[in-house]
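Trainee: Data file input_24.txt (compact mmCIF, C-alpha atoms) is appended below.
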# COMPACT_ATOMS: atom_id res chain seq x y z
CA MET A 1 4.16 -56.08 -18.04
CA GLU A 2 3.43 -52.46 -18.72
CA GLU A 3 0.82 -51.88 -16.01
CA ILE A 4 2.76 -50.27 -13.17
CA ASN A 5 0.99 -48.53 -10.27
CA ASN A 6 1.09 -47.96 -6.49
CA ILE A 7 4.71 -46.78 -6.73
CA GLU A 8 6.42 -46.03 -3.43
CA VAL A 9 10.07 -45.10 -3.04
CA VAL A 10 11.60 -45.94 0.35
CA PRO A 11 15.14 -46.15 1.79
CA CYS A 12 16.88 -49.49 1.22
CA THR A 13 18.24 -50.57 4.59
CA GLU A 14 18.79 -54.25 3.79
CA SER A 15 19.09 -56.23 0.56
CA ASN A 16 19.96 -59.74 -0.58
CA TYR A 17 21.42 -58.33 -3.80
CA LEU A 18 23.21 -55.07 -3.01
CA LYS A 19 25.43 -54.20 -0.08
CA PRO A 20 26.84 -50.64 0.07
CA PHE A 21 30.36 -50.00 1.37
CA ARG A 22 32.91 -47.20 1.53
CA VAL A 23 36.58 -48.03 1.05
CA HIS A 24 39.43 -45.76 2.18
CA TYR A 25 42.85 -46.16 0.56
CA ASN A 26 46.05 -44.38 -0.45
CA GLN A 27 46.95 -44.10 -4.14
CA ASN A 28 50.38 -42.73 -5.03
CA GLY A 29 50.54 -40.98 -1.68
CA THR A 30 47.07 -39.43 -1.94
CA LYS A 31 44.38 -40.45 0.53
CA LYS A 32 41.14 -41.37 -1.21
CA SER A 33 37.75 -42.92 -0.54
CA TRP A 34 35.14 -44.56 -2.80
CA ASP A 35 31.56 -45.74 -2.34
CA PHE A 36 30.69 -49.02 -3.99
CA MET A 37 28.16 -51.84 -4.01
CA ARG A 38 28.93 -55.51 -3.53
CA THR A 39 26.73 -57.68 -5.71
CA HIS A 40 26.70 -61.01 -7.55
CA ASP A 41 28.56 -61.75 -10.75
CA SER A 42 26.35 -62.78 -13.67
CA VAL A 43 26.11 -64.68 -16.94
CA SER A 44 24.46 -63.69 -20.21
CA VAL A 45 23.67 -65.67 -23.36
CA LEU A 46 23.38 -64.60 -26.98
CA ILE A 47 20.81 -67.02 -28.40
CA PHE A 48 20.56 -67.58 -32.15
CA ASN A 49 17.71 -69.63 -33.57
CA THR A 50 19.02 -71.47 -36.64
CA THR A 51 15.51 -72.45 -37.74
CA SER A 52 14.17 -68.93 -38.10
CA HIS A 53 17.51 -67.07 -38.39
CA CYS A 54 16.75 -64.72 -35.52
CA PHE A 55 18.21 -63.68 -32.19
CA VAL A 56 16.21 -64.45 -29.07
CA LEU A 57 16.20 -61.60 -26.55
CA VAL A 58 14.23 -60.88 -23.41
CA LYS A 59 12.17 -57.80 -22.74
CA GLN A 60 11.37 -56.77 -19.19
CA PHE A 61 10.56 -53.90 -16.87
CA ARG A 62 13.60 -52.57 -14.99
CA PRO A 63 12.74 -50.43 -11.94
CA ALA A 64 16.20 -48.80 -11.91
CA VAL A 65 15.77 -47.63 -15.52
CA TYR A 66 12.25 -46.46 -14.75
CA MET A 67 13.38 -44.40 -11.76
CA CYS A 68 16.10 -42.75 -13.85
CA GLU A 69 13.44 -41.69 -16.33
CA TRP A 70 11.26 -40.53 -13.45
CA GLU A 71 14.06 -38.30 -12.19
CA LYS A 72 14.30 -36.69 -15.62
CA ALA A 73 10.53 -36.23 -15.82
CA LYS A 74 10.42 -34.79 -12.30
CA SER A 75 13.12 -32.27 -13.15
CA LYS A 76 11.22 -31.11 -16.24
CA THR A 77 7.96 -30.95 -14.29
CA SER A 78 9.47 -28.84 -11.51
CA GLN A 79 10.92 -26.41 -14.04
CA GLY A 80 7.55 -26.07 -15.72
CA ALA A 81 5.83 -25.62 -12.36
CA GLU A 82 8.02 -22.64 -11.51
CA LYS A 83 6.95 -20.87 -14.69
CA THR A 84 3.24 -21.44 -14.11
CA GLU A 85 3.14 -21.06 -10.33
CA GLU A 86 1.42 -17.67 -10.36
CA GLY A 87 -1.28 -18.77 -12.80
CA GLU A 88 -2.06 -21.93 -10.82
CA ALA A 89 -2.35 -20.02 -7.55
CA SER A 90 -5.25 -17.97 -8.95
CA GLU A 91 -7.49 -21.03 -9.33
CA SER A 92 -8.42 -22.34 -5.88
CA GLN A 93 -10.78 -25.33 -5.86
CA GLU A 94 -10.29 -26.15 -9.50
CA GLY A 95 -6.54 -25.86 -9.02
CA GLN A 96 -6.59 -28.24 -6.05
CA SER A 97 -8.30 -30.94 -8.11
CA ALA A 98 -5.88 -30.42 -10.97
CA SER A 99 -2.95 -30.65 -8.55
CA ASP A 100 -4.08 -34.07 -7.33
CA GLU A 101 -4.36 -35.35 -10.88
CA GLU A 102 -0.99 -33.86 -11.81
CA SER A 103 0.70 -35.54 -8.83
CA SER A 104 -0.36 -38.98 -10.09
CA SER A 105 0.43 -38.16 -13.72
CA GLN A 106 4.02 -37.15 -12.94
CA TRP A 107 5.07 -40.79 -13.16
CA PRO A 108 6.22 -41.66 -16.70
CA PRO A 109 4.51 -44.54 -18.54
CA ALA A 110 5.73 -48.02 -17.65
CA THR A 111 7.31 -48.34 -21.10
CA ALA A 112 9.98 -45.91 -19.90
CA GLY A 113 11.41 -48.73 -17.78
CA VAL A 114 11.20 -51.55 -20.33
CA THR A 115 14.48 -52.73 -21.87
CA TYR A 116 15.68 -55.34 -24.38
CA GLU A 117 18.42 -57.59 -23.05
CA LEU A 118 20.27 -60.83 -23.53
CA CYS A 119 19.02 -63.78 -21.53
CA ALA A 120 20.95 -63.44 -18.27
CA GLY A 121 21.08 -64.36 -14.61
CA LEU A 122 23.01 -63.99 -11.37
CA VAL A 123 25.79 -66.32 -10.32
CA ASP A 124 24.16 -67.14 -7.00
CA LYS A 125 24.19 -70.94 -7.00
CA PRO A 126 27.40 -72.09 -5.22
CA GLY A 127 29.15 -75.01 -6.85
CA LEU A 128 27.42 -74.77 -10.23
CA PRO A 129 29.61 -74.13 -13.30
CA LEU A 130 28.85 -70.93 -15.18
CA GLU A 131 27.74 -72.98 -18.20
CA GLU A 132 25.11 -74.76 -16.12
CA ILE A 133 23.82 -71.50 -14.66
CA ALA A 134 23.58 -70.09 -18.18
CA ARG A 135 21.79 -73.23 -19.39
CA GLN A 136 19.19 -72.89 -16.64
CA GLU A 137 18.58 -69.24 -17.50
CA VAL A 138 18.04 -70.05 -21.18
CA LEU A 139 15.45 -72.64 -20.18
CA GLU A 140 13.65 -70.49 -17.61
CA GLU A 141 13.65 -67.20 -19.50
CA CYS A 142 13.41 -68.28 -23.14
CA GLY A 143 12.11 -71.84 -23.04
CA TYR A 144 14.96 -73.56 -24.91
CA ASP A 145 16.52 -76.73 -23.50
CA VAL A 146 20.18 -76.59 -24.51
CA PRO A 147 22.93 -78.83 -23.09
CA ALA A 148 25.57 -76.89 -21.16
CA SER A 149 28.22 -78.47 -23.38
CA LYS A 150 26.73 -76.64 -26.39
CA LEU A 151 27.30 -73.21 -24.86
CA LYS A 152 30.25 -71.36 -26.36
CA ARG A 153 32.05 -68.92 -24.07
CA ILE A 154 32.47 -65.56 -25.83
CA THR A 155 34.25 -63.53 -23.15
CA SER A 156 33.94 -61.99 -19.71
CA TYR A 157 34.08 -58.34 -18.69
CA ARG A 158 33.44 -55.99 -15.79
CA SER A 159 30.14 -54.13 -15.61
CA GLY A 160 29.34 -51.08 -13.50
CA VAL A 161 33.03 -50.48 -12.81
CA GLY A 162 32.31 -47.26 -10.94
CA VAL A 163 29.70 -48.79 -8.63
CA THR A 164 29.81 -52.60 -8.46
CA GLY A 165 32.75 -53.89 -10.48
CA ALA A 166 30.88 -57.18 -10.95
CA LYS A 167 31.98 -59.61 -13.66
CA GLN A 168 29.66 -60.88 -16.37
CA THR A 169 30.51 -63.89 -18.52
CA MET A 170 28.87 -64.04 -21.94
CA PHE A 171 28.02 -67.23 -23.81
CA TYR A 172 26.69 -68.04 -27.27
CA ALA A 173 24.04 -70.70 -27.86
CA GLU A 174 22.57 -71.96 -31.09
CA VAL A 175 19.05 -73.33 -30.79
CA SER A 176 16.38 -74.58 -33.15
CA ASP A 177 12.62 -74.80 -32.88
CA ASP A 178 13.14 -78.42 -31.82
CA ASN A 179 14.87 -77.20 -28.63
CA CYS A 180 11.88 -75.08 -27.60
CA VAL A 181 10.11 -76.87 -24.73
CA SER A 182 8.17 -73.97 -23.19
CA ALA A 183 7.18 -70.34 -23.70
CA GLY A 184 9.81 -69.14 -21.22
CA GLY A 185 8.97 -65.97 -19.34
CA GLY A 186 11.16 -66.40 -16.28
CA GLU A 187 10.41 -67.68 -12.82
CA PRO A 188 7.24 -66.05 -11.35
CA ARG A 189 8.20 -67.14 -7.84
CA GLU A 190 11.27 -64.93 -8.13
CA GLY A 191 9.21 -61.99 -9.33
CA GLU A 192 10.28 -62.32 -12.95
CA LEU A 193 7.95 -61.17 -15.72
CA ILE A 194 9.76 -61.61 -19.01
CA GLU A 195 8.65 -61.39 -22.64
CA VAL A 196 10.62 -63.37 -25.21
CA VAL A 197 11.43 -61.26 -28.28
CA LYS A 198 12.87 -62.39 -31.62
CA VAL A 199 15.02 -60.07 -33.72
CA PRO A 200 15.47 -61.19 -37.37
CA LEU A 201 19.12 -61.54 -38.31
CA HIS A 202 18.89 -59.10 -41.22
CA GLU A 203 17.56 -56.43 -38.83
CA ALA A 204 20.06 -57.06 -36.05
CA MET A 205 22.57 -54.26 -36.61
CA THR A 206 19.84 -51.70 -37.30
CA PHE A 207 18.25 -52.80 -34.02
CA ALA A 208 21.57 -52.54 -32.19
CA TYR A 209 22.27 -48.96 -33.24
CA ASP A 210 18.73 -47.60 -33.00
CA GLU A 211 18.92 -45.33 -29.94
CA ARG A 212 15.13 -45.23 -29.71
CA ILE A 213 15.16 -48.88 -28.64
CA PRO A 214 16.27 -49.18 -25.00
CA LYS A 215 18.80 -52.00 -24.74
CA THR A 216 21.86 -53.11 -22.83
CA MET A 217 25.42 -52.86 -24.07
CA GLY A 218 25.51 -56.66 -24.06
CA VAL A 219 23.00 -56.74 -26.92
CA ILE A 220 25.06 -54.36 -29.04
CA PHE A 221 28.38 -56.06 -28.33
CA SER A 222 27.04 -59.58 -28.93
CA PHE A 223 25.44 -58.63 -32.24
CA ILE A 224 28.77 -57.18 -33.40
CA TRP A 225 30.56 -60.31 -32.18
CA PHE A 226 28.17 -62.48 -34.20
CA HIS A 227 28.69 -60.34 -37.29
CA ASN A 228 32.48 -60.65 -37.00
CA ASN A 229 32.70 -64.30 -36.00
CA MET A 230 29.63 -66.24 -37.11
CA SER A 231 28.27 -64.49 -40.19
CA PRO A 232 31.31 -65.30 -42.37
CA LYS A 233 31.09 -68.95 -41.28
CA TYR A 234 27.46 -69.29 -42.27
CA LYS A 235 27.68 -66.75 -45.10
CA ILE A 236 24.79 -64.87 -43.55
CA SER A 237 24.19 -61.15 -44.06
CA THR A 238 23.54 -59.06 -40.95
CA ASN A 239 22.66 -55.99 -43.01
CA VAL A 240 25.74 -53.94 -42.09
Would you mind writing the file's structure down as structure tokens?

Mentor:
Amino acid sequence: MEEINNIEVVPCTESNYLKPFRVHYNQNGTKKSWDFMRTHDSVSVLIFNTTSHCFVLVKQFRPAVYMCEWEKAKSKTSQGAEKTEEGEASESQEGQSASDEESSSQWPPATAGVTYELCAGLVDKPGLPLEEIARQEVLEECGYDVPASKLKRITSYRSGVGVTGAKQTMFYAEVSDDNCVSAGGGEPREGELIEVVKVPLHEAMTFAYDERIPKTMGVIFSFIWFHNNMSPKYKISTNV
């Protein structure tokens, strides 16, 4: 997962997932315009293993996150280059070799683009209920076979309101080791490379608030939801 190379950034002229638009409108008599992306809605699932008392998350490389980190690294590198420009210019052949090495080392490590997330997927299968789409994602990504009827709907919300406005619906699923039928890992034919990660219940809130661990807001929100709604029922401590 963390071996990333041969990176090439090119313009995106066509995509099956994102379609850019610009809308013009009047708001309270003021003419405005806004750029946005049309994309699919999605589902996510908070999975709790009742056998081992742990949450089941997915860990994967996200190119968009990686490129954000690259932009930060590039900015720092360019600032440092300005300060050392005169010194580098004095070393000709040796400097040329160093420049080539530096150009390839400007990319941050692949870990900069790895995030922890809830099991999730796009709503891109017409006619299928959200519960069934969520069930399929749990099976493909995490390896648990859970009936759609056992999925509890937590809530739905808008994500990326400034860019996409897409809706995500979150579910809760309780699983046991008996439900595990495969190692998960996603669908390779769709380019997915996913690592299944287990977070012990007593470490959940520490995990959620640790800013050193890159994660989605869905992870934080769902852990808080579990603490408020499920922990009292099962008399389980989430270490808050």

Trainee: What are the closest atom pairs, with distances in Å to one decimal, for all residues of range 16-41 of chain A lying within 6 Å of range 146-166 of chain A? Consider all atoms listed in the file, order rows by chain and residue number, and present the result as JSON lines.

Mentor:
{"residue": "A:Phe36", "atom": "CA", "partner": "A:Val163", "partner_atom": "CA", "distance": 4.8}
{"residue": "A:Met37", "atom": "CA", "partner": "A:Thr164", "partner_atom": "CA", "distance": 4.8}
{"residue": "A:Arg38", "atom": "CA", "partner": "A:Thr164", "partner_atom": "CA", "distance": 5.8}
{"residue": "A:Asp41", "atom": "CA", "partner": "A:Ala166", "partner_atom": "CA", "distance": 5.1}

Trainee: Could you please determine the separation between CA of Ala120 in chain A and CA of Val23 in chain A in Å, to one decimal place?

Mentor: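 Going from CA of Ala120 in chain A over to CA of Val23 in chain A covers 29.2 Å.
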
Trainee: Out of A:Tyr144, A:Tyr17, A:Trp107, A:Trp70, which residue has the shortest atom-to-atom distance to Ser42 in chain A when counting only C-alpha atoms?

Mentor: A:Tyr17

Trainee: Separation of CA of Val181 in chain A and CA of Glu140 in chain A, in Å?

Mentor: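 These atoms are spaced 10.2 Å apart.
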
Trainee: Out of A:Ser231, A:Glu137, A:Trp34, A:Gly218, which residue has the shortest atom-to-atom distance to Val123 in chain A when counting only C-alpha atoms?

Mentor: A:Glu137

Trainee: May I have the protein, DNA and RNA residues with any atom at most 8 Å from the point (14.3, -56.9, -17.9), counting all atoms listed in the file, written as a list in words?

Mentor: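 Residues with an atom at most 8 Å from (14.3, -56.9, -17.9): Val58, Lys59, Gln60, Phe61, Arg62, Val114, Thr115, Tyr116, Glu117, Leu193 and Ile194 of chain A.
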
Trainee: Restricting the output to C-alpha atoms, write the selected residues as a compact mmCIF listing (two decimals), keeping the file's coordinate frame.

Mentor:
# COMPACT_ATOMS: atom_id res chain seq x y z
CA VAL A 58 14.23 -60.88 -23.41
CA LYS A 59 12.17 -57.80 -22.74
CA GLN A 60 11.37 -56.77 -19.19
CA PHE A 61 10.56 -53.90 -16.87
CA ARG A 62 13.60 -52.57 -14.99
CA VAL A 114 11.20 -51.55 -20.33
CA THR A 115 14.48 -52.73 -21.87
CA TYR A 116 15.68 -55.34 -24.38
CA GLU A 117 18.42 -57.59 -23.05
CA LEU A 193 7.95 -61.17 -15.72
CA ILE A 194 9.76 -61.61 -19.01

Trainee: Taking all atoms listed in the file into account, which of A:Pro108, A:Glu187, A:Ile47, A:Cys12 comes nearest Lys74 in chain A?

Mentor: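 Once distances to Lys74 in chain A are computed over all atoms listed in the file, the minimum belongs to A:Pro108.
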
Trainee: Pick out the closest residue to Val219 in chain A from this set: A:Ser44, A:Thr111, A:Gln168, A:Gln136. Count only C-alpha atoms.

Mentor: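 The shortest atom-to-atom distance to Val219 in chain A comes from A:Ser44.
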
Trainee: Which of these, A:Val43, A:Ala134, A:Leu118, A:Val9, has the shortest distance to Lys167 in chain A once you count all atoms listed in the file?

Mentor: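 Ranking A:Val43, A:Ala134, A:Leu118, A:Val9 by distance to Lys167 in chain A, first place goes to A:Val43.
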
Trainee: Might you pull out every residue within 10 Å of Tyr209 in chain A, with all atoms listed in the file counted and same-chain residues fewer than 5 positions away left off, and present them as a PyMOL selection string?

Mentor: chain A and resi 204+215+220

Trainee: Find, counting all atoms listed in the file, the residue in A:His40, A:His227, A:Lys76, A:Lys233 that gets nearest to Thr169 in chain A.

Mentor: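 For Thr169 in chain A, the nearest of the candidates is A:His40.
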
Trainee: Return the padded bounding box of range 121-136 of chain A as AutoDock Vina command-line options: axis-aligned, built from all atoms listed in the file, 8 Å added on each side, with centre and edge lengths in Å to one decimal.

Mentor:
--center_x 24.4 --center_y -69.5 --center_z -12.3 --size_x 26.4 --size_y 27.0 --size_z 30.2

Trainee: To one decimal place in Å, what is the distance between CA of Glu3 in chain A and CA of Gly113 in chain A?

Mentor: 11.2 Å
